[in-house]
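These notes concern the structure reproduced below.
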Amino acid sequence: MSIVTIAREGNIAVVTIDNAPVNALSQAVRQGLSDAVAELDRDPDVSAVVLTCAGRTFIAGADVSEFDKPPQPPHLPDVVSAIELAAKPWVAAIHGSALGGGFEVALGCRFRLASAEAMVGLPEVTLGIVPGAGGTVRSVRLAGVEAAVDLVTTGKPVRAARALELGLVDKIVEGDLRAAAIAFAGVGFSNPLPQPLSLRPAPLAPESFWTEAEAAIAKRARGEVAPLKALACLRRATETDFSTAMQFERATFLELRVTRQAAALRHVFFAERAAPRPKALTGVQACPLRNAAVIGGGTMGAGIAAALRDAGLPVILIERDEAAVQRGIANLRDIFAGAVKRGRLTEAAAEARLAGVVGATDYAALADTDLVIEAVFEELSVKRQVFAQLGRVCRPDAVLATNTSYLDPRAIAEGLPNPERFIGLHFFSPANIMKLLEIVPVPQTADATLATGFALGRMLGKVPVRAGICEGFIGNRILKRYRAEAEALVRQGVAIAAVDVAMRGYGFAMGPFEAQDLGGLDIAFLQREGARAAGQDVPETLGDILVRAGRKGQKTAGGWYDYKAGDRRPLASKEVTRLLAAQIQHGPILDGEAIADRLVGAMAREGEAILAEGIAEKASDIDLVEIHGYGFPRWRGGPMFATRQTSA
Ligand code: 3H9
């Protein structure tokens, strides 16, 4: 069957793209569209054309898998131009998402109709490129400078209602979109037809707008090039004629397409899409999840409960006494209130979220719960007591999960009846925001339980990654190595601030020492002390010296840096210099790039060991862990991608 087909409804032609899964603009689709324009222009019985897509979405964009190969004709700008200048007006009927090249095709149409749930956008910068088929040049003419700058430089899609406000779509259709578009094309045109966007004048913006936008984007982008390049295209679109602006945009697109940043972002794009559905679980049925419970209403437990509520699951929150239940509920209330404040939730939605949580102290409330996630204190005996109770009250097929960062899940599961339903789920704080979910099966975990972990990850909109059992699983094990290497640099004479500046320069929001000061140095210290007490040989770290001197980070007004009261800005500390003086040698001066190479290299070497031991299944999973759990710059592709590319 052909990918692009034409049907007739009276004198309206309906062009349908059917290129599963997301109607990406492969060469065959571009060719089909180009042929359709030519054929319909020649047909005297056709007065207008409706462009629609089969399946779950309108066109999701260019076919990203073609980006590693040279572009093949017909090129998308020519296809869009042909649609725009066709003798018969084209009407885009958008359901699902019209993204990137997909929205550019829609911009070539004279009218855009969207179903109420549709999204439109130009997410190219998230792939390290700019729109390459007129997205900047036409969107600025359609929606104005401000809206276009926002749309293109953030890459964030907008919902149909917002798109209507911005003028990006002409009409929202409830019900049968295809029928409505055909009716619209038959009778609904204004007279005269709106001008093609290529013939409309471009709006202008003052110099101050561009300088401010540039400064704001540079700050946000932290080394990522595409957003600033996109801004330059938009500016050019307002200051030159249509065809010069199109050439500039296309040249920028072709230049960026072959960069390392674009390759890194494509790597992450495909890794993220592969992660939620591991091949090894193909055909394995997950257990149904109709409700859930969380044990422990502290920061982590409340965050997990909020995430479950965001996904629509009713939640039971168990705490050891009524006062603790109330504190847990209050924690949840704070989380939802924060979401209201940031505009992510309406007051009514926040109320509904909270209303779906039932607090309890008696485990008997869990008799019919499908999934229980334990998030109590990180202490083996406490966790074991929880699972002993769960083993007594829960259905034998209920999935029982532990949220642990460092304990061995096998020890937690010991003695549990039906251990095949047991699994480790390592959430990252704040659990309702952070995308990473490490899924840690024990040897007895059944495939169906593992599949349920991944299904939960998908429901919660997380990036789920399977991790094997070792200290710190994937993420915290690499974090430990990263911190050790940062200390090794300091021991050889690199300034603490130089390490942090280098890692910010690399694209992290914070360097390793600033981050420890924010989170507190004492947590890792107590772990090391625990291991020492258990007889392990754990060498003294520089962090230990600071904690022993009472420097636990910002909370004690000093850690690796000093802090003034009420001010989070790190200040070089004479006391730290004195405390560490005996540990520090004077080695060669390293520049920022060399420092970043050392640290990222150390992360990647630990990653290679993790792979060799089978703790991670693939290198791209390690990259996802670092990007979604530890702030590794996405546009670098993760430590494995970054170093494998360098050494390739
Ligand atoms: C662009 O358009 C540049 C132009 O300006 C320049 C032209 C000259 N290509 O996400 P899902 C695959 S840049 C190839 O799970 P959902 C995906 O890998 C592009 N493949 O679905 C997965 O494959 P598999 C700008 C793609 O329903 C399957 O489709 N566009 C593409 O959750 C399902 O994907 C974008 O950045 C693609 N463009 O969400 C939009 N897109 O089954 C990217 C998806 O083998 N796409 N696949 O694992 C999306 O945001 C989501 O896919 C969408 C659907 C929201 C559409």
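Convention: chains lettered A, B, ... in structure tokens order; per-chain residue numbering from 1; ligands numbered from 1 as shown.
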
Please build the interface table for chain A against ligand 1 with a cut-off of 6 Å, listing for each qualifying residue the nearest atom pair and the distance in Å to one decimal; count only C-alpha atoms and all ligand atoms, order rows by chain and increasing number, and write it as a Markdown table.
```
| residue | atom | partner | partner_atom_place_in_ligand_line | distance |
| --- | --- | --- | --- | --- |
| A:Pro21 | CA | ligand 1 | 29 (O) | 5.2 |
| A:Val22 | CA | ligand 1 | 29 (O) | 5.4 |
| A:Ala24 | CA | ligand 1 | 38 (N) | 5.3 |
| A:Ala60 | CA | ligand 1 | 56 (C) | 4.5 |
| A:Gly61 | CA | ligand 1 | 2 (O) | 3.6 |
| A:Ala62 | CA | ligand 1 | 2 (O) | 3.7 |
| A:Asp63 | CA | ligand 1 | 9 (N) | 3.6 |
| A:Val64 | CA | ligand 1 | 9 (N) | 3.9 |
| A:Ser65 | CA | ligand 1 | 14 (C) | 5.3 |
| A:Leu76 | CA | ligand 1 | 8 (C) | 5.1 |
| A:Ser97 | CA | ligand 1 | 56 (C) | 5.5 |
| A:Leu99 | CA | ligand 1 | 30 (N) | 5.0 |
| A:Gly100 | CA | ligand 1 | 2 (O) | 3.6 |
| A:Gly101 | CA | ligand 1 | 2 (O) | 3.6 |
| A:Pro123 | CA | ligand 1 | 36 (O) | 5.2 |
| A:Glu124 | CA | ligand 1 | 13 (S) | 4.9 |
| A:Pro131 | CA | ligand 1 | 5 (O) | 3.5 |
| A:Gly132 | CA | ligand 1 | 6 (C) | 3.8 |
| A:Ala133 | CA | ligand 1 | 8 (C) | 5.0 |
| A:Phe270 | CA | ligand 1 | 18 (O) | 5.5 |
| A:Arg273 | CA | ligand 1 | 48 (O) | 5.2 |
| A:Ala274 | CA | ligand 1 | 48 (O) | 5.2 |
```

Can you pull out the residues contacting Ser198 (chain A)? Cut-off 7 Å, using only C-alpha atoms, and skip same-chain residues under 2 positions away; I want them as a list in words.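 Once the adjacent positions are removed, what remains is Arg138, Pro196, Arg200 and Phe242 of chain A.
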
Can you check which residues of region 307-386 of chain A DSSP gives as helix (DSSP H, G or I) on the backbone and send them as a ChimeraX atom specification? /A:307-310,322-341,347-355,363-366,380-386

Neighbouring residues of Ala549 (chain A) were defined as those with any atom within 10 Å, considering only C-alpha atoms; residues of the same chain fewer than 5 positions away were excluded. Please report them as a PDB file with all heavy atoms, in the first residue's frame.
```pdb
ATOM      1  N   GLY A 543      36.464  15.093  51.997  1.00  0.00           N
ATOM      2  CA  GLY A 543      35.137  15.414  52.537  1.00  0.00           C
ATOM      3  C   GLY A 543      35.041  14.994  54.011  1.00  0.00           C
ATOM      4  O   GLY A 543      34.450  15.712  54.833  1.00  0.00           O
ATOM      5  N   ASP A 544      35.636  13.846  54.359  1.00  0.00           N
ATOM      6  CA  ASP A 544      35.608  13.400  55.763  1.00  0.00           C
ATOM      7  C   ASP A 544      36.276  14.425  56.667  1.00  0.00           C
ATOM      8  O   ASP A 544      35.791  14.727  57.758  1.00  0.00           O
ATOM      9  CB  ASP A 544      36.345  12.058  55.913  1.00  0.00           C
ATOM     10  CG  ASP A 544      35.611  10.913  55.224  1.00  0.00           C
ATOM     11  OD1 ASP A 544      34.403  11.061  54.986  1.00  0.00           O
ATOM     12  OD2 ASP A 544      36.254   9.888  54.931  1.00  0.00           O
ATOM     13  N   GLY A 559      31.114  24.288  53.817  1.00  0.00           N
ATOM     14  CA  GLY A 559      31.464  22.935  53.422  1.00  0.00           C
ATOM     15  C   GLY A 559      32.762  23.079  52.664  1.00  0.00           C
ATOM     16  O   GLY A 559      33.763  23.507  53.230  1.00  0.00           O
ATOM     17  N   GLU A 575      39.620  28.503  55.773  1.00  0.00           N
ATOM     18  CA  GLU A 575      39.626  27.385  56.715  1.00  0.00           C
ATOM     19  C   GLU A 575      39.812  26.060  55.972  1.00  0.00           C
ATOM     20  O   GLU A 575      40.546  25.178  56.407  1.00  0.00           O
ATOM     21  CB  GLU A 575      38.323  27.371  57.523  1.00  0.00           C
ATOM     22  CG  GLU A 575      38.409  26.411  58.700  1.00  0.00           C
ATOM     23  CD  GLU A 575      37.065  26.113  59.354  1.00  0.00           C
ATOM     24  OE1 GLU A 575      36.072  26.809  59.026  1.00  0.00           O
ATOM     25  OE2 GLU A 575      37.022  25.193  60.177  1.00  0.00           O
ATOM     26  N   VAL A 576      39.129  25.947  54.840  1.00  0.00           N
ATOM     27  CA  VAL A 576      39.258  24.707  54.048  1.00  0.00           C
ATOM     28  C   VAL A 576      40.700  24.565  53.570  1.00  0.00           C
ATOM     29  O   VAL A 576      41.293  23.477  53.645  1.00  0.00           O
ATOM     30  CB  VAL A 576      38.261  24.705  52.867  1.00  0.00           C
ATOM     31  CG1 VAL A 576      38.543  23.569  51.896  1.00  0.00           C
ATOM     32  CG2 VAL A 576      36.836  24.624  53.383  1.00  0.00           C
ATOM     33  N   LEU A 579      42.592  23.345  56.497  1.00  0.00           N
ATOM     34  CA  LEU A 579      42.262  21.969  56.882  1.00  0.00           C
ATOM     35  C   LEU A 579      42.873  20.943  55.924  1.00  0.00           C
ATOM     36  O   LEU A 579      43.260  19.850  56.323  1.00  0.00           O
ATOM     37  CB  LEU A 579      40.735  21.780  56.900  1.00  0.00           C
ATOM     38  CG  LEU A 579      39.968  22.376  58.086  1.00  0.00           C
ATOM     39  CD1 LEU A 579      38.468  22.387  57.798  1.00  0.00           C
ATOM     40  CD2 LEU A 579      40.254  21.551  59.354  1.00  0.00           C
TER      41      LEU A 579
END
```

With only C-alpha atoms as the counted atoms, please give the residues lying no more than 10 Å from Ala148 (chain A), apart from itself and same-chain residues fewer than 5 positions off, as a list in words. Gly121, Leu122, Gly135, Thr136, Val137, Arg138, Ser139, Val140, Arg141, Leu142, Ala143, Thr153, Thr154, Leu166, Leu168, Leu231 and Leu234 of chain A

Would you export the selected residues with N, CA and C atoms as a compact mmCIF listing (two decimals), in the first residue's frame, please?
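And here's result-v6.txt as it stands now:
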```
# COMPACT_ATOMS: atom_id res chain seq x y z
N GLY A 121 4.35 22.30 17.38
CA GLY A 121 5.60 22.87 17.86
C GLY A 121 6.75 22.67 16.91
N LEU A 122 7.83 23.34 17.24
CA LEU A 122 9.06 23.23 16.45
C LEU A 122 10.18 22.82 17.42
N GLY A 135 10.45 26.76 9.13
CA GLY A 135 9.79 26.90 10.43
C GLY A 135 10.02 28.25 11.07
N THR A 136 11.23 28.75 11.02
CA THR A 136 11.48 30.06 11.65
C THR A 136 10.87 31.17 10.78
N VAL A 137 11.05 31.03 9.47
CA VAL A 137 10.67 32.13 8.56
C VAL A 137 9.14 32.28 8.50
N ARG A 138 8.45 31.15 8.53
CA ARG A 138 6.98 31.24 8.44
C ARG A 138 6.34 31.49 9.81
N SER A 139 6.88 30.89 10.89
CA SER A 139 6.20 31.05 12.19
C SER A 139 6.25 32.51 12.64
N VAL A 140 7.34 33.19 12.33
CA VAL A 140 7.44 34.58 12.74
C VAL A 140 6.41 35.44 11.98
N ARG A 141 6.14 35.07 10.76
CA ARG A 141 5.13 35.81 9.97
C ARG A 141 3.72 35.50 10.44
N LEU A 142 3.54 34.32 11.00
CA LEU A 142 2.19 33.91 11.41
C LEU A 142 1.86 34.37 12.82
N ALA A 143 2.82 34.22 13.75
CA ALA A 143 2.48 34.43 15.17
C ALA A 143 3.20 35.63 15.78
N THR A 153 12.97 28.68 20.11
CA THR A 153 14.21 28.57 20.90
C THR A 153 14.06 27.67 22.11
N THR A 154 12.83 27.47 22.59
CA THR A 154 12.65 26.49 23.67
C THR A 154 12.37 25.11 23.10
N LEU A 166 -2.35 31.99 19.78
CA LEU A 166 -1.16 32.56 19.15
C LEU A 166 -1.33 32.73 17.65
N LEU A 168 -1.39 30.20 15.62
CA LEU A 168 -0.66 29.12 14.92
C LEU A 168 -1.62 28.15 14.25
N LEU A 231 17.69 31.54 17.20
CA LEU A 231 17.36 32.97 17.37
C LEU A 231 17.91 33.77 16.19
N LEU A 234 15.62 33.44 13.32
CA LEU A 234 14.39 34.22 13.48
C LEU A 234 14.67 35.70 13.21
```

At a cut-off of 9 Å, using only C-alpha atoms, what residues contact region 4-6 of chain A? Leave out same-chain residues fewer than 4 positions from it and give the result as an MDAnalysis selection string. chainID A and resid 13:19 28:29 31:33 36

Identify all residues of region 129-301 of chain A in strand (DSSP E or B) (DSSP on the backbone) and supply them as a PyMOL selection string. chain A and resi 158-159+171-173+292-295

Written selection (C-alpha atoms) as a tab-separated table (two decimals), in the first residue's frame:
```
chain	number	residue	atom	x	y	z
A	158	VAL	CA	1.95	24.11	22.65
A	159	ARG	CA	-1.54	22.70	23.05
A	171	LYS	CA	-9.72	26.54	14.29
A	172	ILE	CA	-10.18	23.83	16.88
A	173	VAL	CA	-12.47	20.99	15.97
A	292	ALA	CA	-0.92	1.87	44.79
A	293	ALA	CA	0.37	2.44	48.29
A	294	VAL	CA	3.43	4.14	49.66
A	295	ILE	CA	4.97	3.26	53.01
```

Tell me, counting only C-alpha atoms, for each residue of region 224-331 of chain A within 9 Å of region 630-638 of chain A, which pair of atoms is nearest and how far apart they are in Å to one decimal, in rows ordered by chain and increasing number, as JSON lines.
```
{"residue": "A:Glu224", "atom": "CA", "partner": "A:Trp635", "partner_atom": "CA", "distance": 6.5}
{"residue": "A:Arg260", "atom": "CA", "partner": "A:Arg636", "partner_atom": "CA", "distance": 8.0}
{"residue": "A:Gln261", "atom": "CA", "partner": "A:Trp635", "partner_atom": "CA", "distance": 5.4}
{"residue": "A:Ala262", "atom": "CA", "partner": "A:Trp635", "partner_atom": "CA", "distance": 7.4}
{"residue": "A:Ala263", "atom": "CA", "partner": "A:Gly637", "partner_atom": "CA", "distance": 8.1}
{"residue": "A:Ala264", "atom": "CA", "partner": "A:Gly637", "partner_atom": "CA", "distance": 4.3}
{"residue": "A:Leu265", "atom": "CA", "partner": "A:Trp635", "partner_atom": "CA", "distance": 5.4}
{"residue": "A:Arg266", "atom": "CA", "partner": "A:Gly637", "partner_atom": "CA", "distance": 8.4}
{"residue": "A:His267", "atom": "CA", "partner": "A:Gly637", "partner_atom": "CA", "distance": 6.6}
{"residue": "A:Val268", "atom": "CA", "partner": "A:Gly637", "partner_atom": "CA", "distance": 6.0}
```

Closest to Ala582 (chain A) among A:Ala455, A:Val501, A:Ala602, A:Leu542, using only C-alpha atoms?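 Going through A:Ala455, A:Val501, A:Ala602, A:Leu542 one by one, the smallest distance to Ala582 (chain A) is for A:Leu542.
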